[in-house]
>>> print(open('target.txt').read())   # compact mmCIF, C-alpha atoms and all ligand atoms
# COMPACT_ATOMS: atom_id res chain seq x y z
CA MET A 1 -63.48 175.34 143.27
CA SER A 2 -60.06 176.63 142.48
CA PRO A 3 -57.51 174.38 140.80
CA TYR A 4 -54.81 175.86 143.03
CA PRO A 5 -54.16 174.15 146.37
CA LEU A 6 -53.38 176.55 149.21
CA ASN A 7 -50.11 174.79 150.04
CA ARG A 8 -48.69 174.39 146.58
CA PRO A 9 -45.00 175.25 146.10
CA SER A 10 -44.16 178.93 145.89
CA PRO A 11 -44.34 180.33 142.37
CA PRO A 12 -41.21 181.77 140.78
CA ALA A 13 -40.11 185.23 141.85
CA ARG A 14 -41.85 188.19 140.16
CA PRO A 15 -39.90 190.48 137.88
CA HIS A 16 -38.80 193.04 140.45
CA LEU A 17 -37.91 195.67 137.90
CA ALA A 18 -41.44 195.86 136.49
CA THR A 19 -42.98 196.05 139.94
CA LEU A 20 -40.63 198.77 141.11
CA THR A 21 -41.03 200.78 137.95
CA LEU A 22 -44.78 200.73 138.40
CA ALA A 23 -44.48 201.72 142.03
CA VAL A 24 -42.38 204.70 141.04
CA ALA A 25 -44.81 205.63 138.30
CA ILE A 26 -47.70 205.60 140.73
CA SER A 27 -45.74 207.66 143.27
CA ALA A 28 -44.84 210.14 140.58
CA LEU A 29 -48.51 210.62 139.90
CA GLY A 30 -48.88 211.74 143.48
CA GLN A 31 -51.11 208.84 144.43
CA ALA A 32 -51.36 207.85 148.06
CA LEU A 33 -49.25 204.73 148.16
CA SER A 34 -47.99 202.49 150.89
CA VAL A 35 -46.23 199.40 149.63
CA ALA A 36 -45.62 196.52 151.95
CA PRO A 37 -42.11 195.29 151.05
CA ALA A 38 -43.46 191.74 150.80
CA LEU A 39 -45.59 192.78 147.85
CA ALA A 40 -42.53 193.11 145.69
CA GLN A 41 -41.59 189.54 146.55
CA LYS A 42 -43.03 186.22 145.55
CA ALA A 43 -46.33 185.17 147.06
CA GLU A 44 -46.11 182.49 149.74
CA ALA A 45 -48.84 180.05 150.58
CA GLY A 46 -50.72 181.41 153.57
CA GLU A 47 -50.37 184.98 152.37
CA VAL A 48 -52.86 187.13 150.57
CA GLY A 49 -52.00 190.20 148.49
CA VAL A 50 -54.58 192.99 148.70
CA TYR A 51 -54.81 196.01 146.44
CA SER A 52 -57.21 198.46 148.06
CA GLY A 53 -58.72 201.74 146.92
CA ARG A 54 -59.81 202.35 150.51
CA HIS A 55 -57.38 204.26 152.66
CA TYR A 56 -58.44 204.14 156.28
CA ASN A 57 -56.09 203.27 159.13
CA SER A 58 -58.76 201.20 160.79
CA ASP A 59 -58.99 198.92 157.74
CA ARG A 60 -55.57 197.62 158.77
CA GLU A 61 -56.94 196.59 162.15
CA LEU A 62 -59.44 194.38 160.31
CA TYR A 63 -56.65 192.78 158.29
CA ARG A 64 -54.77 192.12 161.55
CA GLN A 65 -57.87 190.47 163.00
CA PHE A 66 -58.13 188.29 159.91
CA THR A 67 -54.50 187.20 160.29
CA ALA A 68 -55.00 186.45 163.98
CA ARG A 69 -58.01 184.30 163.13
CA THR A 70 -56.67 182.43 160.13
CA GLY A 71 -52.88 182.67 160.22
CA ILE A 72 -53.02 184.14 156.70
CA LYS A 73 -50.74 187.15 156.35
CA VAL A 74 -52.13 190.16 154.48
CA ASN A 75 -49.80 192.11 152.18
CA LEU A 76 -51.51 195.42 151.56
CA LEU A 77 -51.03 198.02 148.89
CA GLU A 78 -53.27 201.08 149.01
CA ALA A 79 -53.58 203.55 146.15
CA LYS A 80 -56.30 205.35 144.25
CA ASP A 81 -58.83 203.02 142.65
CA ASP A 82 -58.01 203.92 139.04
CA ALA A 83 -54.25 203.60 139.65
CA LEU A 84 -54.82 200.12 141.09
CA ILE A 85 -56.93 199.08 138.12
CA GLU A 86 -54.20 200.27 135.78
CA ARG A 87 -51.50 198.59 137.83
CA LEU A 88 -53.28 195.25 137.97
CA ARG A 89 -53.87 195.42 134.25
CA SER A 90 -50.19 196.09 133.51
CA GLU A 91 -48.95 193.43 135.88
CA GLY A 92 -51.15 190.74 134.39
CA SER A 93 -50.20 187.28 135.62
CA ASN A 94 -47.21 188.71 137.52
CA SER A 95 -49.42 190.63 139.91
CA PRO A 96 -49.00 189.86 143.61
CA ALA A 97 -52.63 190.87 144.21
CA ASP A 98 -55.12 188.16 145.16
CA VAL A 99 -57.89 190.56 146.19
CA LEU A 100 -58.90 193.87 144.64
CA VAL A 101 -60.95 196.22 146.84
CA LEU A 102 -62.58 199.15 145.04
CA VAL A 103 -64.95 201.92 145.96
CA ASP A 104 -68.01 202.61 143.78
CA ALA A 105 -70.15 200.62 141.37
CA ALA A 106 -68.63 202.18 138.27
CA ARG A 107 -65.08 201.20 139.21
CA LEU A 108 -66.07 197.63 140.06
CA LYS A 109 -67.79 197.38 136.70
CA LYS A 110 -64.70 198.78 134.95
CA ALA A 111 -62.39 196.27 136.66
CA ALA A 112 -64.81 193.43 135.89
CA ASP A 113 -65.06 194.46 132.22
CA LEU A 114 -61.27 194.52 131.97
CA GLY A 115 -61.24 190.91 133.17
CA LEU A 116 -59.34 191.72 136.37
CA PHE A 117 -61.58 189.53 138.55
CA ARG A 118 -62.36 185.83 138.47
CA ALA A 119 -65.77 184.48 139.38
CA SER A 120 -65.91 183.04 142.90
CA ARG A 121 -68.68 181.27 144.71
CA SER A 122 -69.04 180.94 148.43
CA VAL A 123 -71.92 179.85 150.61
CA SER A 124 -71.21 182.53 153.21
CA LEU A 125 -70.91 185.33 150.64
CA LEU A 126 -74.23 184.32 149.08
CA ARG A 127 -75.72 184.44 152.57
CA ASP A 128 -74.05 187.65 153.83
CA VAL A 129 -74.14 189.85 150.73
CA PRO A 130 -77.62 190.88 149.53
CA VAL A 131 -78.28 189.89 145.93
CA ASN A 132 -78.46 193.48 144.62
CA LEU A 133 -75.06 194.23 146.19
CA ARG A 134 -73.03 191.60 144.36
CA ASP A 135 -72.10 190.75 140.79
CA SER A 136 -74.46 188.19 139.29
CA THR A 137 -71.51 186.07 138.13
CA GLY A 138 -69.60 186.30 141.43
CA ARG A 139 -66.77 188.57 140.29
CA TRP A 140 -67.23 191.06 143.16
CA TYR A 141 -69.13 191.36 146.40
CA ALA A 142 -70.09 194.42 148.46
CA LEU A 143 -68.34 194.93 151.79
CA THR A 144 -69.92 198.18 153.01
CA ARG A 145 -72.77 200.48 152.04
CA ARG A 146 -72.59 204.25 151.59
CA VAL A 147 -75.54 206.54 151.04
CA ARG A 148 -75.57 209.62 148.80
CA ALA A 149 -77.82 211.86 150.84
CA VAL A 150 -78.96 215.47 150.91
CA VAL A 151 -77.67 218.04 153.38
CA VAL A 152 -79.85 221.04 154.12
CA ASN A 153 -79.20 224.30 155.92
CA PRO A 154 -82.47 224.50 157.87
CA LYS A 155 -82.18 228.28 158.25
CA GLN A 156 -82.63 228.60 154.51
CA VAL A 157 -84.76 225.68 153.40
CA ASN A 158 -87.22 223.56 155.36
CA PRO A 159 -85.68 220.04 155.30
CA ALA A 160 -89.20 218.55 155.17
CA THR A 161 -89.59 219.93 151.64
CA ILE A 162 -86.88 217.55 150.37
CA ARG A 163 -88.42 214.09 150.18
CA THR A 164 -86.90 212.60 147.04
CA TYR A 165 -83.99 213.33 144.68
CA ALA A 166 -86.65 214.74 142.34
CA ASP A 167 -87.22 217.60 144.79
CA LEU A 168 -83.68 218.84 144.09
CA ALA A 169 -84.92 219.91 140.65
CA SER A 170 -87.79 221.96 142.06
CA PRO A 171 -87.85 225.65 140.99
CA ALA A 172 -88.22 226.44 144.71
CA LEU A 173 -84.47 225.72 145.00
CA ARG A 174 -83.37 228.16 142.26
CA GLY A 175 -79.96 229.54 143.26
CA LYS A 176 -79.85 227.39 146.38
CA LEU A 177 -78.34 224.07 145.31
CA CYS A 178 -74.67 223.02 145.45
CA LEU A 179 -73.41 220.04 143.44
CA ARG A 180 -70.11 218.27 143.09
CA ASP A 181 -68.84 218.02 139.49
CA ARG A 182 -69.64 215.22 137.09
CA LYS A 183 -66.14 213.73 137.36
CA SER A 184 -67.24 212.36 140.71
CA VAL A 185 -68.10 208.68 140.34
CA TYR A 186 -70.45 209.17 143.30
CA ASN A 187 -72.57 211.54 141.22
CA GLN A 188 -72.23 209.40 138.11
CA SER A 189 -73.58 206.44 140.07
CA LEU A 190 -76.41 208.54 141.52
CA VAL A 191 -77.45 209.54 138.00
CA ALA A 192 -77.11 205.94 136.77
CA ASP A 193 -79.31 204.87 139.69
CA GLN A 194 -81.95 207.42 138.68
CA LEU A 195 -81.68 206.24 135.06
CA VAL A 196 -82.61 202.75 136.17
CA GLN A 197 -85.62 204.06 138.07
CA ARG A 198 -86.97 206.87 135.88
CA GLY A 199 -85.61 206.19 132.43
CA GLN A 200 -83.73 208.54 130.16
CA ALA A 201 -86.27 211.32 129.60
CA GLY A 202 -87.12 211.61 133.28
CA THR A 203 -83.47 211.68 134.27
CA GLN A 204 -82.65 214.26 131.63
CA ALA A 205 -85.37 216.58 132.91
CA TRP A 206 -84.23 216.02 136.50
CA ILE A 207 -80.61 216.94 135.64
CA LYS A 208 -81.74 220.08 133.78
CA GLY A 209 -83.82 221.14 136.77
CA MET A 210 -80.93 220.64 139.16
CA THR A 211 -78.31 222.39 137.05
CA SER A 212 -80.71 225.36 136.75
CA ASN A 213 -80.80 225.51 140.55
CA VAL A 214 -77.04 225.49 141.08
CA ALA A 215 -75.81 228.38 143.22
CA GLN A 216 -72.01 228.04 143.24
CA PRO A 217 -69.42 226.66 140.81
CA PHE A 218 -69.45 222.87 140.86
CA PHE A 219 -67.37 221.45 143.72
CA THR A 220 -64.52 218.98 143.32
CA SER A 221 -65.15 217.14 146.60
CA ASP A 222 -67.87 216.52 149.16
CA ILE A 223 -66.45 218.16 152.30
CA PRO A 224 -66.08 221.69 150.86
CA LEU A 225 -69.61 221.31 149.52
CA ALA A 226 -70.96 220.32 152.94
CA ARG A 227 -69.09 223.31 154.42
CA ALA A 228 -70.71 225.65 151.88
CA VAL A 229 -74.16 224.41 152.91
CA GLY A 230 -73.31 224.71 156.62
CA LYS A 231 -72.04 228.25 156.14
CA GLY A 232 -75.13 229.20 154.16
CA ASP A 233 -73.35 229.82 150.83
CA CYS A 234 -75.94 227.46 149.47
CA ALA A 235 -78.95 225.91 151.14
CA VAL A 236 -78.96 222.32 149.88
CA GLY A 237 -76.27 219.90 148.68
CA VAL A 238 -75.69 216.26 147.82
CA VAL A 239 -72.97 214.35 149.70
CA ASN A 240 -72.10 210.90 151.02
CA THR A 241 -73.13 210.73 154.66
CA TYR A 242 -69.72 209.48 155.82
CA TYR A 243 -68.25 212.91 155.06
CA VAL A 244 -70.79 214.58 157.34
CA ALA A 245 -70.08 211.94 159.99
CA ARG A 246 -66.35 212.56 159.63
CA MET A 247 -66.90 216.30 160.14
CA LEU A 248 -69.21 215.71 163.12
CA SER A 249 -66.66 213.39 164.73
CA GLY A 250 -64.12 216.23 164.74
CA ASP A 251 -61.72 214.28 162.49
CA SER A 252 -61.42 217.21 160.09
CA GLY A 253 -61.11 219.83 162.84
CA ALA A 254 -63.22 221.80 165.34
CA ALA A 255 -64.39 224.30 162.72
CA ASP A 256 -65.82 221.53 160.52
CA LYS A 257 -67.45 219.94 163.54
CA ALA A 258 -69.28 223.18 164.29
CA ILE A 259 -70.27 223.71 160.64
CA ALA A 260 -71.56 220.14 160.28
CA GLY A 261 -73.63 220.65 163.42
CA ARG A 262 -75.69 223.18 161.47
CA LEU A 263 -76.60 220.67 158.75
CA THR A 264 -79.69 218.51 158.56
CA VAL A 265 -79.10 215.18 156.81
CA VAL A 266 -82.07 214.13 154.70
CA PHE A 267 -82.33 210.64 153.24
CA PRO A 268 -84.38 210.84 150.04
CA LYS A 269 -87.04 208.14 149.91
CA PRO A 270 -85.84 205.82 148.58
CA ALA A 271 -82.10 206.51 148.98
CA HIS A 272 -79.33 205.64 146.51
CA VAL A 273 -76.84 203.21 148.01
CA ASN A 274 -73.34 202.63 146.68
CA ILE A 275 -70.69 200.23 147.97
CA SER A 276 -67.09 199.35 148.68
CA GLY A 277 -66.60 195.93 147.16
CA ALA A 278 -63.99 193.29 146.54
CA GLY A 279 -63.28 190.36 144.29
CA VAL A 280 -60.65 187.69 143.76
CA THR A 281 -58.23 188.73 141.03
CA ARG A 282 -58.01 186.75 137.81
CA HIS A 283 -54.37 185.82 138.42
CA ALA A 284 -54.64 185.28 142.19
CA ARG A 285 -51.96 182.89 143.50
CA ASN A 286 -53.94 182.17 146.65
CA PRO A 287 -57.59 182.33 145.61
CA GLN A 288 -58.71 180.31 148.62
CA ALA A 289 -57.07 182.73 151.04
CA ALA A 290 -58.51 185.58 148.97
CA ILE A 291 -62.06 184.32 149.27
CA LYS A 292 -61.57 183.73 153.01
CA LEU A 293 -60.56 187.36 153.44
CA ILE A 294 -63.53 188.63 151.43
CA GLU A 295 -65.84 186.38 153.45
CA PHE A 296 -64.41 187.82 156.66
CA LEU A 297 -64.80 191.43 155.50
CA ALA A 298 -68.37 190.83 154.32
CA SER A 299 -69.42 188.91 157.44
CA PRO A 300 -71.58 190.68 160.04
CA SER A 301 -68.67 190.70 162.54
CA GLY A 302 -65.78 191.65 160.23
CA GLY A 303 -67.94 193.92 158.12
CA LYS A 304 -69.00 195.95 161.14
CA GLY A 305 -65.45 197.20 161.64
CA TYR A 306 -64.84 197.69 157.94
CA ALA A 307 -67.95 199.88 157.69
CA GLU A 308 -67.23 201.83 160.86
CA ALA A 309 -63.69 202.55 159.67
CA ASN A 310 -65.17 205.08 157.27
CA ASN A 311 -68.49 205.87 158.97
CA GLU A 312 -70.26 203.68 156.42
CA TYR A 313 -73.16 201.30 156.84
CA PRO A 314 -72.84 197.53 157.11
CA LEU A 315 -74.44 195.38 154.40
CA ARG A 316 -77.60 194.99 156.47
CA GLY A 317 -79.04 197.30 159.11
CA TYR A 318 -77.52 200.57 160.25
CA GLY A 319 -74.74 199.49 162.64
CA ASN A 320 -74.12 200.92 166.09
CA HIS A 321 -72.25 204.06 165.19
CA SER A 322 -73.59 206.90 167.36
CA ILE A 323 -73.27 209.61 164.70
CA LEU A 324 -74.91 207.46 162.05
CA LYS A 325 -77.68 206.68 164.49
CA SER A 326 -78.28 210.41 164.87
CA PHE A 327 -79.04 210.55 161.11
CA GLY A 328 -81.80 207.98 161.62
CA PRO A 329 -82.69 205.07 159.35
CA PHE A 330 -82.93 205.22 155.57
CA GLN A 331 -84.93 203.31 153.04
CA ALA A 332 -82.58 202.01 150.34
CA ASP A 333 -83.83 201.69 146.80
CA ALA A 334 -83.71 198.21 145.31
CA VAL A 335 -81.51 199.08 142.32
CA SER A 336 -78.64 196.64 141.86
CA ILE A 337 -75.06 197.86 141.92
CA GLU A 338 -74.51 195.91 138.71
CA ALA A 339 -77.29 197.88 136.98
CA ILE A 340 -75.77 201.15 138.21
CA GLY A 341 -72.37 200.19 136.82
CA ALA A 342 -73.93 199.24 133.50
CA ARG A 343 -75.56 202.68 133.05
CA ASN A 344 -72.43 204.70 133.93
CA LYS A 345 -71.52 205.80 130.40
CA GLU A 346 -75.05 206.89 129.63
CA ALA A 347 -75.18 208.76 132.94
CA VAL A 348 -72.03 210.75 132.17
CA GLN A 349 -73.34 211.66 128.70
CA LEU A 350 -76.63 212.90 130.16
CA MET A 351 -74.78 214.92 132.81
CA GLU A 352 -72.62 216.59 130.19
CA ALA A 353 -75.62 217.33 127.95
CA GLY A 354 -77.58 218.70 130.92
CA GLY A 355 -74.94 221.24 131.97
CA TRP A 356 -73.55 219.25 134.91
CA LYS A 357 -69.98 220.62 134.79
FE FE2 B 401 -65.17 209.23 149.44
>>> encode(input="target.txt", output="structure tokens", more="lines below")
Ligand code: FE2
Amino acid sequence: MSPYPLNRPSPPARPHLATLTLAVAISALGQALSVAPALAQKAEAGEVGVYSGRHYNSDRELYRQFTARTGIKVNLLEAKDDALIERLRSEGSNSPADVLVLVDAARLKKAADLGLFRASRSVSLLRDVPVNLRDSTGRWYALTRRVRAVVVNPKQVNPATIRTYADLASPALRGKLCLRDRKSVYNQSLVADQLVQRGQAGTQAWIKGMTSNVAQPFFTSDIPLARAVGKGDCAVGVVNTYYVARMLSGDSGAADKAIAGRLTVVFPKPAHVNISGAGVTRHARNPQAAIKLIEFLASPSGGKGYAEANNEYPLRGYGNHSILKSFGPFQADAVSIEAIGARNKEAVQLMEAGGWK
């Protein structure tokens, strides 16, 4: 239980100068930023400040639903995950954030290690969030699942020959594989996931095999990589499925829709699952409102919309999204997100040593 009652008197005003200076600094870095004016003001009881590394319009609809249900107003600030971590760290106890939403295991681990979260317990979170998708001490909880899958151009490679991530290292794919660079936390988490399952030597050999198969310079994002596979510049690639879904939905244009239509999505058995997750901040003024919001976003009803906002999967099952249904079901591996976060450093070192640019 929190020592802070929800209706306690408003805390003193925050130092505006520091907040504004940080906002300018983040803008100057070219980060996507939308600051609700209320965030620069003192927190009121019945309000919850959210810093989110997700940036989907439909997330806001979920926050509106939460407000309609509970009367708790959501003050949202969206920016890149690492900028938010830095901001929260600099603001310390002056931060207006009660909830921090981040994408990827490695970033949640980083924020937890920096002491940016407080441990929270909740009966509904323990029920709604599977044990491998939450921090063992309650500092963060998964809200959505995302799968790092394989896309295949079936004119060049028979999709049935890709059954596991190990198959990506097969000499049969020499000159046919496209990979995103090692700066991508998505790839870092995939490698960390494989480290948990196969150990260091096995993972090292797997990375070597894959980097020997690489056809094109390493990509800096998933959509251009998926395009390259669709166009036949390479035959096989590794991407998060929501990017393929976004292309298929026409959101990134008619050309991408057509290109994505030529891809076959293959879920390796078992598939690596990553998450969007959230926790109550260490210096939250309204921790009870914060936990209520996280409970709502992780619940089967609230979580459905949060997952669909980015063509992701809910915490259990596959949802009702028609494009995701067309990919079919996947079998998730049992590796915990916490274990993936813990092996991040080692993963990056192995990637560098194995020629993963
Ligand atoms: Fe992404």
>>> residues_around(input="target.txt", residues="His321 of chain A", least_positions_apart="5", cutoff="10 Å", atoms="only C-alpha atoms", output="PDB file with C-alpha atoms, in the coordinates of the input")
ATOM      1  CA  ALA A 245     -70.080 211.940 159.990  1.00  0.00           C
ATOM      2  CA  LYS A 304     -69.000 195.950 161.140  1.00  0.00           C
ATOM      3  CA  ALA A 307     -67.950 199.880 157.690  1.00  0.00           C
ATOM      4  CA  GLU A 308     -67.230 201.830 160.860  1.00  0.00           C
ATOM      5  CA  ASN A 311     -68.490 205.870 158.970  1.00  0.00           C
ATOM      6  CA  GLU A 312     -70.260 203.680 156.420  1.00  0.00           C
ATOM      7  CA  TYR A 313     -73.160 201.300 156.840  1.00  0.00           C
ATOM      8  CA  SER A 326     -78.280 210.410 164.870  1.00  0.00           C
TER       9      SER A 326
END
>>> closest_atom_pairs(input="target.txt", of="chain A", to="ligand FE2 401 (chain B)", cutoff="12 Å", atoms="all atoms listed in the file", output="tab-separated table")
residue	atom	partner	partner_atom	distance
A:Gly53	CA	B:FE2_401	FE	10.2
A:Arg54	CA	B:FE2_401	FE	8.8
A:His55	CA	B:FE2_401	FE	9.8
A:Tyr56	CA	B:FE2_401	FE	10.9
A:Lys80	CA	B:FE2_401	FE	11.0
A:Asp81	CA	B:FE2_401	FE	11.2
A:Leu102	CA	B:FE2_401	FE	11.3
A:Val103	CA	B:FE2_401	FE	8.1
A:Asp104	CA	B:FE2_401	FE	9.2
A:Arg145	CA	B:FE2_401	FE	11.9
A:Arg146	CA	B:FE2_401	FE	9.2
A:Val147	CA	B:FE2_401	FE	10.8
A:Arg148	CA	B:FE2_401	FE	10.4
A:Ser184	CA	B:FE2_401	FE	9.5
A:Val185	CA	B:FE2_401	FE	9.6
A:Tyr186	CA	B:FE2_401	FE	8.1
A:Asn187	CA	B:FE2_401	FE	11.3
A:Thr220	CA	B:FE2_401	FE	11.5
A:Ser221	CA	B:FE2_401	FE	8.4
A:Asp222	CA	B:FE2_401	FE	7.8
A:Ile223	CA	B:FE2_401	FE	9.5
A:Val239	CA	B:FE2_401	FE	9.3
A:Asn240	CA	B:FE2_401	FE	7.3
A:Thr241	CA	B:FE2_401	FE	9.6
A:Tyr242	CA	B:FE2_401	FE	7.8
A:Tyr243	CA	B:FE2_401	FE	7.4
A:Val244	CA	B:FE2_401	FE	11.1
A:Ala245	CA	B:FE2_401	FE	11.9
A:Arg246	CA	B:FE2_401	FE	10.8
A:Asn274	CA	B:FE2_401	FE	10.9
A:Ile275	CA	B:FE2_401	FE	10.7
A:Ser276	CA	B:FE2_401	FE	10.1
A:Asn310	CA	B:FE2_401	FE	8.9
A:Asn311	CA	B:FE2_401	FE	10.6
A:Glu312	CA	B:FE2_401	FE	10.3
>>> write_last_selection(input="target.txt", atoms="C-alpha atoms", output="compact mmCIF listing (two decimals), in the coordinates of the input")
# COMPACT_ATOMS: atom_id res chain seq x y z
CA GLY A 53 -58.72 201.74 146.92
CA ARG A 54 -59.81 202.35 150.51
CA HIS A 55 -57.38 204.26 152.66
CA TYR A 56 -58.44 204.14 156.28
CA LYS A 80 -56.30 205.35 144.25
CA ASP A 81 -58.83 203.02 142.65
CA LEU A 102 -62.58 199.15 145.04
CA VAL A 103 -64.95 201.92 145.96
CA ASP A 104 -68.01 202.61 143.78
CA ARG A 145 -72.77 200.48 152.04
CA ARG A 146 -72.59 204.25 151.59
CA VAL A 147 -75.54 206.54 151.04
CA ARG A 148 -75.57 209.62 148.80
CA SER A 184 -67.24 212.36 140.71
CA VAL A 185 -68.10 208.68 140.34
CA TYR A 186 -70.45 209.17 143.30
CA ASN A 187 -72.57 211.54 141.22
CA THR A 220 -64.52 218.98 143.32
CA SER A 221 -65.15 217.14 146.60
CA ASP A 222 -67.87 216.52 149.16
CA ILE A 223 -66.45 218.16 152.30
CA VAL A 239 -72.97 214.35 149.70
CA ASN A 240 -72.10 210.90 151.02
CA THR A 241 -73.13 210.73 154.66
CA TYR A 242 -69.72 209.48 155.82
CA TYR A 243 -68.25 212.91 155.06
CA VAL A 244 -70.79 214.58 157.34
CA ALA A 245 -70.08 211.94 159.99
CA ARG A 246 -66.35 212.56 159.63
CA ASN A 274 -73.34 202.63 146.68
CA ILE A 275 -70.69 200.23 147.97
CA SER A 276 -67.09 199.35 148.68
CA ASN A 310 -65.17 205.08 157.27
CA ASN A 311 -68.49 205.87 158.97
CA GLU A 312 -70.26 203.68 156.42
>>> residues_around(input="target.txt", residues="Gly328 of chain A", least_positions_apart="4", cutoff="9 Å", atoms="only C-alpha atoms", output="list in words")
Phe267, Tyr318 and Leu324 of chain A
>>> write_last_selection(input="target.txt", atoms="C-alpha atoms", output="PDB file, in the frame of the given file")
ATOM      1  CA  PHE A 267     -82.330 210.640 153.240  1.00  0.00           C
ATOM      2  CA  TYR A 318     -77.520 200.570 160.250  1.00  0.00           C
ATOM      3  CA  LEU A 324     -74.910 207.460 162.050  1.00  0.00           C
TER       4      LEU A 324
END
>>> residues_around(input="target.txt", residues="Ile207 of chain A", least_positions_apart="2", cutoff="9 Å", atoms="all atoms listed in the file", output="JSON, numbers by chain")
{"A": [169, 191, 202, 203, 204, 205, 209, 210, 211, 212, 350, 351, 354, 355, 356]}
>>> write_last_selection(input="target.txt", atoms="C-alpha atoms", output="JSON list (two decimals), keeping the file's coordinate frame")
[["chain", "number", "residue", "atom", "x", "y", "z"],
["A", 169, "ALA", "CA", -84.92, 219.91, 140.65],
["A", 191, "VAL", "CA", -77.45, 209.54, 138.00],
["A", 202, "GLY", "CA", -87.12, 211.61, 133.28],
["A", 203, "THR", "CA", -83.47, 211.68, 134.27],
["A", 204, "GLN", "CA", -82.65, 214.26, 131.63],
["A", 205, "ALA", "CA", -85.37, 216.58, 132.91],
["A", 209, "GLY", "CA", -83.82, 221.14, 136.77],
["A", 210, "MET", "CA", -80.93, 220.64, 139.16],
["A", 211, "THR", "CA", -78.31, 222.39, 137.05],
["A", 212, "SER", "CA", -80.71, 225.36, 136.75],
["A", 350, "LEU", "CA", -76.63, 212.90, 130.16],
["A", 351, "MET", "CA", -74.78, 214.92, 132.81],
["A", 354, "GLY", "CA", -77.58, 218.70, 130.92],
["A", 355, "GLY", "CA", -74.94, 221.24, 131.97],
["A", 356, "TRP", "CA", -73.55, 219.25, 134.91]]
>>> atom_distance(input="target.txt", atom1="atom CA of Val151 of chain A", atom2="atom CA of Gly317 of chain A")
21.6 Å
>>> atom_distance(input="target.txt", atom1="atom CA of Ala106 of chain A", atom2="atom CA of Arg134 of chain A")
13.0 Å
>>> closest_residue(input="target.txt", among="A:Thr137, A:Gln349, A:Ser120, A:Asn286", to="Gly49 of chain A", atoms="only C-alpha atoms")
A:Asn286
>>> closest_residue(input="target.txt", among="A:Ile259, A:Ala347, A:Leu76, A:Val273", to="Val335 of chain A", atoms="only C-alpha atoms")
A:Val273
>>> residues_around(input="target.txt", residues="Ala228 of chain A", least_positions_apart="5", cutoff="12 Å", atoms="only C-alpha atoms", output="JSON, numbers by chain")
{"A": [151, 152, 153, 176, 177, 178, 179, 180, 215, 216, 217, 218, 219, 221, 222, 223, 233, 234, 235, 236, 237, 238, 239, 256, 259, 260, 262, 263]}
>>> closest_residue(input="target.txt", among="A:Ala226, A:Leu108, A:Leu248, A:Ala192", to="Asn344 of chain A", atoms="only C-alpha atoms")
A:Ala192
>>> closest_residue(input="target.txt", among="A:Ile72, A:Val99, A:Ala149, A:Ile291", to="Arg121 of chain A", atoms="only C-alpha atoms")
A:Ile291
>>> closest_residue(input="target.txt", among="A:Ala332, A:Val101, A:Ala298, A:Ile323", to="Gly261 of chain A", atoms="all atoms listed in the file")
A:Ile323
>>> residues_around(input="target.txt", residues="Gly115 of chain A", least_positions_apart="5", cutoff="10 Å", atoms="only C-alpha atoms", output="ChimeraX atom specification")
/A:89,109-110,139,281-282
>>> write_last_selection(input="target.txt", atoms="C-alpha atoms", output="compact mmCIF listing (two decimals), in the frame of the given file")
# COMPACT_ATOMS: atom_id res chain seq x y z
CA ARG A 89 -53.87 195.42 134.25
CA LYS A 109 -67.79 197.38 136.70
CA LYS A 110 -64.70 198.78 134.95
CA ARG A 139 -66.77 188.57 140.29
CA THR A 281 -58.23 188.73 141.03
CA ARG A 282 -58.01 186.75 137.81
>>> decode(input="target.txt", residues="segment 257-277 of chain A", atoms="C-alpha atoms", output="mmCIF file, in the first residue's frame")
data_model
loop_
_atom_site.group_PDB
_atom_site.id
_atom_site.type_symbol
_atom_site.label_atom_id
_atom_site.label_comp_id
_atom_site.auth_asym_id
_atom_site.auth_seq_id
_atom_site.Cartn_x
_atom_site.Cartn_y
_atom_site.Cartn_z
ATOM 1 C CA LYS A 257 0.629 -2.501 -49.086
ATOM 2 C CA ALA A 258 1.394 -4.204 -52.393
ATOM 3 C CA ILE A 259 4.966 -5.068 -51.356
ATOM 4 C CA ALA A 260 3.854 -6.501 -48.010
ATOM 5 C CA GLY A 261 1.312 -8.630 -49.855
ATOM 6 C CA ARG A 262 4.230 -10.525 -51.383
ATOM 7 C CA LEU A 263 5.675 -11.477 -47.990
ATOM 8 C CA THR A 264 5.072 -14.651 -46.041
ATOM 9 C CA VAL A 265 5.228 -14.166 -42.272
ATOM 10 C CA VAL A 266 6.826 -17.123 -40.515
ATOM 11 C CA PHE A 267 6.691 -17.499 -36.739
ATOM 12 C CA PRO A 268 9.765 -19.450 -35.632
ATOM 13 C CA LYS A 269 8.858 -22.228 -33.208
ATOM 14 C CA PRO A 270 9.027 -21.094 -30.510
ATOM 15 C CA ALA A 271 8.796 -17.344 -31.190
ATOM 16 C CA HIS A 272 10.546 -14.547 -29.283
ATOM 17 C CA VAL A 273 8.053 -12.210 -27.638
ATOM 18 C CA ASN A 274 8.858 -8.703 -26.455
ATOM 19 C CA ILE A 275 6.561 -6.204 -24.742
ATOM 20 C CA SER A 276 5.392 -2.664 -24.141
ATOM 21 C CA GLY A 277 5.303 -2.288 -20.388
#
